[in-house]
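The block underneath contains the structure these notes are about, expressed in structure tokens.
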Amino acid sequence: MLAALIRKEILALVRDPHALAALFVMPAAFIVVMSLALANLYAPALDRLAYAVDAGEQTPAARRLVADWARGHGAAQPLPVDAAEALRSGRLAYLLRLEPGLADALAKLTPPAAPVVRLRAEPGLDAGAFRALQAELAATTGELRAALIQASLSGESPGTRQSIAPFLAAERAGDDTLRPTNAVQQNVPAWLVFGMFFVVTAISSLFVQEQANGTLARLTALGVPQGLQILAKALPYAAVNAVQAALMLAVGTWLMPRLGSPGLSLAGIHWPALILVLAATSLAAIGFALLLACLVRTHAQANTLGPLCNLLMAAFGGIMVPTFAMPATMQALAHLSPMNWGLEGLLTVLLRHGSLAEAAPWALHLALFGLVALTAAGYLFSRRIAP
């Protein structure tokens, strides 16, 4: 019985080319267009990045460097005990390390044996932002060096600048397989999540059609359990979501490099974590779609309310605009969107190579949302087809 019901759902979907285009072509087109359009503009606002300072000594020179940096980048966060893990997981965007002997090294004309100012960035930080931070830190350190030299060597111009490279080191946290963030790495997970949630239009439209032509009533009269009817509608779209995921990842890894754009790297990722997040996202998307399908009454409502809800969740959830570019209020609202949970889970796995444990909180949020939505959908479904 279940196989027959699933076959019915697949035939209905295959016979609707518009729904297939919305499910597969639309998110792939968004990935290509948005990645190419934002290739040279994708960079966060540097003054909104969370950072901390690890000062090896509290000297006037170190305090001045920290104060000069804070004027353009905001106050530093308290140095966490697990600073290395905070960087790797993205809780900190970067860390400034001021080595002991900073003042003496900068005041000398000869380069030091090792850098005394270190910039260490999280692996997912945009490459343009990383270079901009490095350049700003070099300029700030150079100004401090000029002031120290002027104070120690009479007659040298305060504007004297020598290369700051021997004094400064900058690197990213993580292993060698991690790659700096680019537009493709943001847009593939974002529009993949959006595409998964777009099953709401196909499911709700088919639901309205089957109610109008009496299919649901006949299945109930034949004794088909309501839970089985819900399951038969969910399983085919779980397979659709799996195909969507494979297609979108292929677009990012294979197609985008052939269009002259940086590609999505899957090297070194934790595959069980990726599968967990994708499965949880699919559950949330299908649960939401079935809930909405049980609420709408007409094709007009199905074709309007579903896309509208998706667009709102995408706008709030960081799909259309990355959350780090949003004001603080919008960033707080973003965490209420299920699409944001799916996006953050995928970014944790694809960008930061997070483990199963690190991906689990996002997957748990999505799974709970999906189960609650499915439960509500089952209740509404039973009331809607009740004689």
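Identifiers in the structure tokens: chain A, B, ... in order shown; residue index from 1 per chain; ligand index from 1 in order shown.
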
**Request:** Report as a PyMOL selection string: the residues of stretch 48-162 of chain A with a DSSP assignment of alpha helix (DSSP H), based on the backbone of this structure.
**Result:** chain A and resi 60-73+83-89+102-107+127-152

**Message:** List the spatial neighbours of A:Gly354 as a list of chain:residue names - criterion: any atom at most 8 Å away, only C-alpha atoms, same-chain residues fewer than 5 positions off excluded.
**Reply:**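 Contacts, in chain order: A:Ser89, A:Ile269, A:His270, A:Ala273, A:Thr348, A:Val349, A:Ala359.
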
**Message:** So that I can check the surroundings of A:Tyr51, please list as a list in words every protein, DNA and RNA residue that reaches within 7 Å of it, counting only C-alpha atoms and ignoring chain neighbours fewer than 3 positions away.
**Reply:** Ala76, Gln77, Leu92, Ala93, Tyr94 and Leu95 of chain A

**Asked** So which one's closest to A:Ala83, A:Asp54, A:Glu136, A:Asp68, A:Glu143? Using only C-alpha atoms, please.
**Response** A:Asp54

**Asked** So what do you get for atom CA of A:Ala127 versus atom CA of A:Ala332, distance-wise?
**Response**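 Computing it gives 25.5 Å between the two atoms.
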
**Complete:** A straight line from atom CA of A:Pro100 to atom CA of A:His73 spans 23.1 Å

**Prompt:** Hey, which of A:Ala61, A:Val81, A:Leu364, A:Val200 ends up closest to A:Leu311? Count only C-alpha atoms.
**Reply:**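 Residue with the minimum atom-to-atom distance to A:Leu311: A:Val200.
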
**Request:** May I have the residues within 12 Å of A:Leu274 as JSON, numbers by chain, using only C-alpha atoms and disregarding those fewer than 5 positions away in the same chain?
**Result:** {"A": [189, 242, 245, 246, 249, 266, 268, 269, 279, 280, 281, 342, 343, 344, 345, 346, 347, 348, 349, 350, 351, 352, 353, 354, 355, 356, 357, 358, 359, 360, 362, 363]}

**Picked from stretch 95-287 of chain A by DSSP as strand (DSSP E or B), as a list in words** =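 Strand (DSSP E or B) assignments inside stretch 95-287 of chain A correspond to Leu95, Leu96, Arg97, Leu98, Val117, Arg118, Leu119, Arg120, Ala121, Asp126, Leu168, Ala169, Ala170, Glu171, Arg172 and Thr181 of chain A.
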
Write a file of the selected residues as a CSV table (one decimal), in the first residue's frame, keeping C-alpha atoms.
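Saved file selection-v5.csv follows:
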```csv
chain,number,residue,atom,x,y,z
A,95,LEU,CA,42.9,36.8,17.4
A,96,LEU,CA,45.7,39.4,17.9
A,97,ARG,CA,48.7,38.1,19.7
A,98,LEU,CA,51.2,40.7,21.0
A,117,VAL,CA,52.5,41.0,16.3
A,118,ARG,CA,50.5,38.0,15.1
A,119,LEU,CA,47.1,37.9,13.4
A,120,ARG,CA,45.4,34.5,13.5
A,121,ALA,CA,42.0,34.3,11.7
A,126,ASP,CA,36.6,35.9,3.7
A,168,LEU,CA,54.1,40.8,11.7
A,169,ALA,CA,52.8,37.3,11.1
A,170,ALA,CA,49.2,36.5,9.9
A,171,GLU,CA,47.7,33.0,9.5
A,172,ARG,CA,44.4,31.1,9.5
A,181,THR,CA,35.4,31.8,2.3
```

Proximity check stretch 189-301 of chain A to stretch 20-35 of chain A, 7 Å, nearest pairs one decimal Å, only C-alpha atoms, as a Markdown table:
```
| residue | atom | partner | partner_atom | distance |
| --- | --- | --- | --- | --- |
| A:Trp191 | CA | A:Pro27 | CA | 5.5 |
| A:Leu192 | CA | A:Pro27 | CA | 6.5 |
| A:Gly195 | CA | A:Pro27 | CA | 5.4 |
| A:Phe198 | CA | A:Leu23 | CA | 6.5 |
| A:Val199 | CA | A:Leu23 | CA | 6.7 |
| A:Gln244 | CA | A:Phe24 | CA | 6.2 |
| A:Met248 | CA | A:Ala28 | CA | 6.1 |
| A:Val251 | CA | A:Ala28 | CA | 6.9 |
| A:Met256 | CA | A:Val32 | CA | 6.9 |
```

Those residues with all heavy atoms, as a PDB file, in the first residue's frame please?
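This went into selection15.pdb:
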```
ATOM      1  N   TRP A 191      21.507  28.514  -0.951  1.00  0.00           N
ATOM      2  CA  TRP A 191      20.435  28.222  -1.907  1.00  0.00           C
ATOM      3  C   TRP A 191      20.080  26.741  -1.922  1.00  0.00           C
ATOM      4  O   TRP A 191      18.995  26.360  -2.375  1.00  0.00           O
ATOM      5  CB  TRP A 191      20.823  28.726  -3.293  1.00  0.00           C
ATOM      6  CG  TRP A 191      20.936  30.225  -3.285  1.00  0.00           C
ATOM      7  CD1 TRP A 191      22.087  30.964  -3.382  1.00  0.00           C
ATOM      8  CD2 TRP A 191      19.872  31.168  -3.122  1.00  0.00           C
ATOM      9  NE1 TRP A 191      21.796  32.307  -3.297  1.00  0.00           N
ATOM     10  CE2 TRP A 191      20.452  32.457  -3.133  1.00  0.00           C
ATOM     11  CE3 TRP A 191      18.503  31.046  -2.966  1.00  0.00           C
ATOM     12  CZ2 TRP A 191      19.691  33.612  -2.992  1.00  0.00           C
ATOM     13  CZ3 TRP A 191      17.743  32.200  -2.827  1.00  0.00           C
ATOM     14  CH2 TRP A 191      18.333  33.461  -2.843  1.00  0.00           C
ATOM     15  N   LEU A 192      20.951  25.896  -1.411  1.00  0.00           N
ATOM     16  CA  LEU A 192      20.588  24.501  -1.215  1.00  0.00           C
ATOM     17  C   LEU A 192      19.483  24.394  -0.170  1.00  0.00           C
ATOM     18  O   LEU A 192      18.476  23.696  -0.360  1.00  0.00           O
ATOM     19  CB  LEU A 192      21.815  23.689  -0.791  1.00  0.00           C
ATOM     20  CG  LEU A 192      21.578  22.268  -0.277  1.00  0.00           C
ATOM     21  CD1 LEU A 192      20.807  21.440  -1.285  1.00  0.00           C
ATOM     22  CD2 LEU A 192      22.904  21.589   0.053  1.00  0.00           C
ATOM     23  N   GLY A 195      16.283  25.784  -1.653  1.00  0.00           N
ATOM     24  CA  GLY A 195      15.671  24.842  -2.583  1.00  0.00           C
ATOM     25  C   GLY A 195      14.963  23.704  -1.873  1.00  0.00           C
ATOM     26  O   GLY A 195      13.892  23.254  -2.292  1.00  0.00           O
ATOM     27  N   PHE A 198      11.655  24.721  -0.706  1.00  0.00           N
ATOM     28  CA  PHE A 198      10.722  25.082  -1.766  1.00  0.00           C
ATOM     29  C   PHE A 198       9.797  23.927  -2.146  1.00  0.00           C
ATOM     30  O   PHE A 198       8.910  24.094  -2.988  1.00  0.00           O
ATOM     31  CB  PHE A 198      11.464  25.579  -3.006  1.00  0.00           C
ATOM     32  CG  PHE A 198      10.809  26.775  -3.636  1.00  0.00           C
ATOM     33  CD1 PHE A 198      10.988  28.037  -3.109  1.00  0.00           C
ATOM     34  CD2 PHE A 198       9.988  26.635  -4.741  1.00  0.00           C
ATOM     35  CE1 PHE A 198      10.374  29.138  -3.672  1.00  0.00           C
ATOM     36  CE2 PHE A 198       9.366  27.728  -5.317  1.00  0.00           C
ATOM     37  CZ  PHE A 198       9.557  28.991  -4.776  1.00  0.00           C
ATOM     38  N   VAL A 199       9.988  22.750  -1.536  1.00  0.00           N
ATOM     39  CA  VAL A 199       9.028  21.666  -1.776  1.00  0.00           C
ATOM     40  C   VAL A 199       7.645  22.035  -1.272  1.00  0.00           C
ATOM     41  O   VAL A 199       6.660  21.377  -1.620  1.00  0.00           O
ATOM     42  CB  VAL A 199       9.484  20.350  -1.111  1.00  0.00           C
ATOM     43  CG1 VAL A 199      10.794  19.867  -1.705  1.00  0.00           C
ATOM     44  CG2 VAL A 199       9.605  20.501   0.400  1.00  0.00           C
ATOM     45  N   GLN A 244      18.397  17.119  -4.851  1.00  0.00           N
ATOM     46  CA  GLN A 244      18.728  18.546  -4.820  1.00  0.00           C
ATOM     47  C   GLN A 244      20.109  18.771  -4.200  1.00  0.00           C
ATOM     48  O   GLN A 244      20.918  19.536  -4.728  1.00  0.00           O
ATOM     49  CB  GLN A 244      17.691  19.317  -4.002  1.00  0.00           C
ATOM     50  CG  GLN A 244      16.374  19.560  -4.709  1.00  0.00           C
ATOM     51  CD  GLN A 244      15.407  20.298  -3.807  1.00  0.00           C
ATOM     52  OE1 GLN A 244      15.243  19.954  -2.632  1.00  0.00           O
ATOM     53  NE2 GLN A 244      14.781  21.327  -4.343  1.00  0.00           N
ATOM     54  N   MET A 248      23.182  20.497  -6.165  1.00  0.00           N
ATOM     55  CA  MET A 248      23.727  21.794  -5.760  1.00  0.00           C
ATOM     56  C   MET A 248      25.218  21.684  -5.398  1.00  0.00           C
ATOM     57  O   MET A 248      26.008  22.583  -5.705  1.00  0.00           O
ATOM     58  CB  MET A 248      22.958  22.351  -4.560  1.00  0.00           C
ATOM     59  CG  MET A 248      21.480  22.596  -4.810  1.00  0.00           C
ATOM     60  SD  MET A 248      21.123  23.597  -6.257  1.00  0.00           S
ATOM     61  CE  MET A 248      20.293  22.391  -7.279  1.00  0.00           C
ATOM     62  N   VAL A 251      27.079  21.558  -8.616  1.00  0.00           N
ATOM     63  CA  VAL A 251      27.176  22.898  -9.221  1.00  0.00           C
ATOM     64  C   VAL A 251      28.327  23.666  -8.591  1.00  0.00           C
ATOM     65  O   VAL A 251      29.121  24.322  -9.273  1.00  0.00           O
ATOM     66  CB  VAL A 251      25.849  23.662  -9.058  1.00  0.00           C
ATOM     67  CG1 VAL A 251      26.020  25.137  -9.427  1.00  0.00           C
ATOM     68  CG2 VAL A 251      24.763  23.044  -9.934  1.00  0.00           C
ATOM     69  N   MET A 256      30.951  25.714 -11.141  1.00  0.00           N
ATOM     70  CA  MET A 256      31.432  27.080 -10.880  1.00  0.00           C
ATOM     71  C   MET A 256      32.897  27.277 -11.281  1.00  0.00           C
ATOM     72  O   MET A 256      33.231  28.323 -11.864  1.00  0.00           O
ATOM     73  CB  MET A 256      31.218  27.441  -9.407  1.00  0.00           C
ATOM     74  CG  MET A 256      29.748  27.561  -9.001  1.00  0.00           C
ATOM     75  SD  MET A 256      28.760  28.585 -10.123  1.00  0.00           S
ATOM     76  CE  MET A 256      29.624  30.146 -10.005  1.00  0.00           C
TER      77      MET A 256
END
```

**Prompt:** Of the residues A:Ala302, A:Ala70, A:Asp16, A:Ala238, which is the one nearest to A:Val53, using only C-alpha atoms?
**Reply:** A:Ala70

**Request:** Can you work out the spacing between atom CA of A:Leu290 and atom CA of A:Asn303 in Å, to one decimal?
**Result:**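 Computing the Euclidean distance for atom CA of A:Leu290 and atom CA of A:Asn303 yields 13.9 Å.
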
**Request:** Using only C-alpha atoms, determine which residues lie at most 12 Å from A:Trp69, disregarding the query and same-chain residues fewer than 6 positions distant; provide the list as a ChimeraX atom specification.
**Result:** /A:46-47,51-53,62-63,75-76,96,133-134,136-141,143-144

Just write the chosen residues, all heavy atoms, as a short mmCIF file (atom, residue, chain, number, x, y, z; two decimals), in the first residue's frame.
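part-v4.cif was written with the following content:
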```cif
data_model
loop_
_atom_site.label_atom_id
_atom_site.label_comp_id
_atom_site.auth_asym_id
_atom_site.auth_seq_id
_atom_site.Cartn_x
_atom_site.Cartn_y
_atom_site.Cartn_z
N LEU A 46 34.49 44.93 8.53
CA LEU A 46 35.56 44.53 9.45
C LEU A 46 35.30 44.96 10.88
O LEU A 46 35.75 44.31 11.82
CB LEU A 46 36.89 45.13 8.97
CG LEU A 46 37.35 44.69 7.57
CD1 LEU A 46 38.70 45.31 7.25
CD2 LEU A 46 37.40 43.18 7.45
N ASP A 47 34.57 46.07 11.05
CA ASP A 47 34.35 46.55 12.42
C ASP A 47 33.28 45.74 13.15
O ASP A 47 33.01 46.01 14.32
CB ASP A 47 33.96 48.03 12.40
CG ASP A 47 32.69 48.31 11.60
OD1 ASP A 47 32.22 47.39 10.89
OD2 ASP A 47 32.19 49.43 11.67
N TYR A 51 36.63 39.73 17.87
CA TYR A 51 38.05 39.41 18.02
C TYR A 51 38.45 39.52 19.48
O TYR A 51 37.72 40.07 20.32
CB TYR A 51 38.90 40.36 17.16
CG TYR A 51 39.05 41.75 17.71
CD1 TYR A 51 40.19 42.12 18.45
CD2 TYR A 51 38.07 42.72 17.50
CE1 TYR A 51 40.33 43.40 18.96
CE2 TYR A 51 38.22 44.00 17.99
CZ TYR A 51 39.34 44.34 18.72
OH TYR A 51 39.48 45.62 19.24
N ALA A 52 39.61 38.97 19.79
CA ALA A 52 40.19 39.05 21.13
C ALA A 52 41.67 39.37 21.00
O ALA A 52 42.25 39.23 19.93
CB ALA A 52 39.99 37.75 21.89
N VAL A 53 42.26 39.84 22.09
CA VAL A 53 43.67 40.19 22.12
C VAL A 53 44.36 39.37 23.19
O VAL A 53 43.89 39.29 24.33
CB VAL A 53 43.87 41.70 22.40
CG1 VAL A 53 45.36 42.03 22.51
CG2 VAL A 53 43.21 42.54 21.31
N ALA A 62 52.04 48.14 24.09
CA ALA A 62 51.00 47.16 23.81
C ALA A 62 49.62 47.77 24.01
O ALA A 62 48.70 47.55 23.21
CB ALA A 62 51.18 45.94 24.71
N ARG A 63 49.46 48.55 25.09
CA ARG A 63 48.16 49.18 25.36
C ARG A 63 47.81 50.18 24.26
O ARG A 63 46.65 50.30 23.86
CB ARG A 63 48.18 49.86 26.72
CG ARG A 63 48.13 48.87 27.89
CD ARG A 63 47.81 49.57 29.19
NE ARG A 63 48.89 50.46 29.59
CZ ARG A 63 49.90 50.10 30.38
NH1 ARG A 63 49.97 48.84 30.82
NH2 ARG A 63 50.84 50.96 30.72
N ALA A 75 35.64 47.30 20.67
CA ALA A 75 36.36 46.72 21.80
C ALA A 75 36.56 45.22 21.60
O ALA A 75 35.72 44.53 21.03
CB ALA A 75 35.59 46.97 23.09
N ALA A 76 37.70 44.74 22.08
CA ALA A 76 37.99 43.31 21.99
C ALA A 76 37.14 42.53 22.98
O ALA A 76 36.79 43.04 24.06
CB ALA A 76 39.47 43.06 22.26
N LEU A 96 44.42 38.69 17.95
CA LEU A 96 45.67 39.44 17.89
C LEU A 96 46.57 38.98 19.04
O LEU A 96 46.17 39.04 20.21
CB LEU A 96 45.42 40.94 18.01
CG LEU A 96 44.57 41.60 16.92
CD1 LEU A 96 44.47 43.10 17.19
CD2 LEU A 96 45.15 41.33 15.55
N LEU A 133 42.41 43.05 6.98
CA LEU A 133 42.84 43.08 8.39
C LEU A 133 44.36 43.10 8.47
O LEU A 133 44.94 43.83 9.29
CB LEU A 133 42.29 41.86 9.13
CG LEU A 133 40.80 41.85 9.46
CD1 LEU A 133 40.40 40.49 10.01
CD2 LEU A 133 40.47 42.94 10.47
N GLN A 134 45.00 42.28 7.64
CA GLN A 134 46.47 42.23 7.66
C GLN A 134 47.06 43.59 7.28
O GLN A 134 48.01 44.06 7.92
CB GLN A 134 46.94 41.15 6.68
CG GLN A 134 48.44 40.90 6.72
CD GLN A 134 48.84 39.76 5.80
OE1 GLN A 134 48.01 39.18 5.12
NE2 GLN A 134 50.11 39.43 5.79
N GLU A 136 45.58 46.58 7.56
CA GLU A 136 45.30 47.56 8.62
C GLU A 136 46.21 47.35 9.82
O GLU A 136 46.69 48.31 10.43
CB GLU A 136 43.84 47.45 9.05
CG GLU A 136 42.86 48.05 8.07
CD GLU A 136 41.47 48.18 8.68
OE1 GLU A 136 41.39 48.48 9.88
OE2 GLU A 136 40.49 47.99 7.95
N LEU A 137 46.44 46.09 10.17
CA LEU A 137 47.32 45.81 11.31
C LEU A 137 48.75 46.24 11.00
O LEU A 137 49.46 46.75 11.87
CB LEU A 137 47.26 44.32 11.65
CG LEU A 137 48.01 43.90 12.91
CD1 LEU A 137 47.52 44.66 14.13
CD2 LEU A 137 47.85 42.39 13.14
N ALA A 138 49.18 46.04 9.76
CA ALA A 138 50.51 46.49 9.37
C ALA A 138 50.63 48.00 9.48
O ALA A 138 51.65 48.53 9.96
CB ALA A 138 50.82 46.04 7.95
N ALA A 139 49.57 48.71 9.06
CA ALA A 139 49.60 50.17 9.15
C ALA A 139 49.59 50.64 10.59
O ALA A 139 50.35 51.56 10.98
CB ALA A 139 48.40 50.75 8.40
N THR A 140 48.75 50.02 11.42
CA THR A 140 48.69 50.41 12.84
C THR A 140 50.01 50.13 13.54
O THR A 140 50.51 50.95 14.33
CB THR A 140 47.55 49.64 13.54
OG1 THR A 140 46.32 49.90 12.86
CG2 THR A 140 47.41 50.08 14.99
N THR A 141 50.59 48.97 13.25
CA THR A 141 51.88 48.62 13.85
C THR A 141 52.98 49.55 13.34
O THR A 141 53.88 49.95 14.10
CB THR A 141 52.24 47.16 13.53
OG1 THR A 141 51.16 46.31 13.90
CG2 THR A 141 53.48 46.72 14.28
N GLU A 143 52.63 52.69 12.45
CA GLU A 143 52.51 53.99 13.13
C GLU A 143 53.11 53.93 14.53
O GLU A 143 53.79 54.87 14.97
CB GLU A 143 51.04 54.38 13.19
CG GLU A 143 50.43 54.72 11.83
CD GLU A 143 48.94 54.94 11.91
OE1 GLU A 143 48.39 54.86 13.03
OE2 GLU A 143 48.33 55.20 10.85
N LEU A 144 52.85 52.82 15.22
CA LEU A 144 53.43 52.67 16.55
C LEU A 144 54.94 52.58 16.46
O LEU A 144 55.67 53.19 17.28
CB LEU A 144 52.86 51.43 17.23
CG LEU A 144 53.45 51.06 18.60
CD1 LEU A 144 53.23 52.19 19.61
CD2 LEU A 144 52.84 49.75 19.11
#
```

**Prompt:** Restricting the calculation to only C-alpha atoms, which member of A:Val188, A:Val116, A:Leu5, A:Leu13 is positioned closest to A:Val240?
**Reply:**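 Ranked by minimum distance to A:Val240, first place goes to A:Leu13.
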